[in-house]
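Chemist: Have a look at the structure that comes next, please.
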Amino acid sequence: MAADTAEGAEIRGALVRLRRATGLPVAFGGLVEAGRRQVRISELSGTATAALSALAVTSGNGLGGRAVALSRPCAVTDYSVSAQISHEYDRPVAAEGLRSVVAVPVVVRRRVRGVLYGALRTAQPLGDRTLGSAVAAARDVEQALVLREETEELLAAARPPEPGPADGAARERVREAHAALRALAPRIAEPELRAELLRACGLLAAGGEPGPGPRPAPRELDVLACVAAGATNGEAARRLGLGAETVKSYLRSAMRKLGAGTRTEAVARARRAGWLP
């Protein structure tokens, strides 16, 4: 049973990194099913059987269910005889030959979204380095899911406003969304999602005629988008992850290309050229 393509890919990548960092022979994981208190194991790495594939792990049951219920990492040295967990899943775990297991929840906005497991086929304690690597792999997935959710929210907020009495306020919301999307795009590692964000930025800004001078560079437009949304240089630096002097340098360069004497004039000219909404 496959997970959602993008989220499943994040889980798969984390499992590969976990095995590489720890030397654990087996890793597996999955996401919490929508509307249900259970994790569906969808991604396997290093397994010898299909015993764990599509296994539904209920919150509170077994090692992974305990990690979900407590929202924290849990580990056992010998799964089949551990007194710390319930034993609803002993059969598939034994079929795969797993003994020492760690389970780490993936928590996004205080809600468990999935679980990553790492395991040995021998009964021995998992050291701090292994546990730390498992937690780090889960954090990678959490950050990727947060970025995806923020992107989806911004894309929804950036839909063109309906004309009407509130058009001015709606236009400001579009400008805020445009600035946030441009600030978010460089942080997106997935090429298709990053391209989708930049296409959305282009649609939001479309409407003007290209100016006669040189087009500002992408980072210069990022700074202008923040300025257009009312940000100070310091706020723009924080949003974009840049130094304050770097923001000033980009802004000066954009003003020069646009033939503008002030930042406000630079924003106005960029809007007329169709580079900003």
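Residues are referred to by chain and number: the chain letter is A, B, ... according to the order shown in the structure tokens, the number counts from 1 in that chain, and ligands are numbered separately from 1 in the order shown.
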So that I can check the secondary structure, give me every residue of range 201-263 of chain A assigned alpha helix (DSSP H) by backbone DSSP, as an MDAnalysis selection string.

Modeler: chainID A and resid 201:205 218:228 233:240 244:258 263

Chemist: Excluding Ala6 in chain A and its own-chain neighbours fewer than 3 positions away, which residues fall within 10 Å of it when counting only C-alpha atoms? Please give them as a list in words.

Modeler: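 Neighbouring residues, sequence-local ones excluded: Ala3, Ala9, Glu10, Ile11, Arg12, Ala144, Leu145, Arg148, Glu190 and Leu193 of chain A.
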
Chemist: Go through A:Gly230, A:Pro73, A:Pro125, A:Gly118 and flag the residue nearest Arg139 in chain A, using only C-alpha atoms for the distances.

Modeler: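 The closest residue to Arg139 in chain A is A:Pro73.
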
Chemist: At a cut-off of 7 Å, using only C-alpha atoms, what residues contact range 95-102 of chain A? Leave out same-chain residues fewer than 2 positions from it and give the result as a ChimeraX atom specification.

Modeler: /A:47-49,51,74-79,91-93,104,117-125

Chemist: Could you list, as a VMD selection string, every residue within 12 Å of Glu7 in chain A, counting only C-alpha atoms and ignoring same-chain residues fewer than 5 positions away?

Modeler: chain A and resid 2 12 to 14 29 to 32 42 to 43 106 113 to 114 140 to 149 190
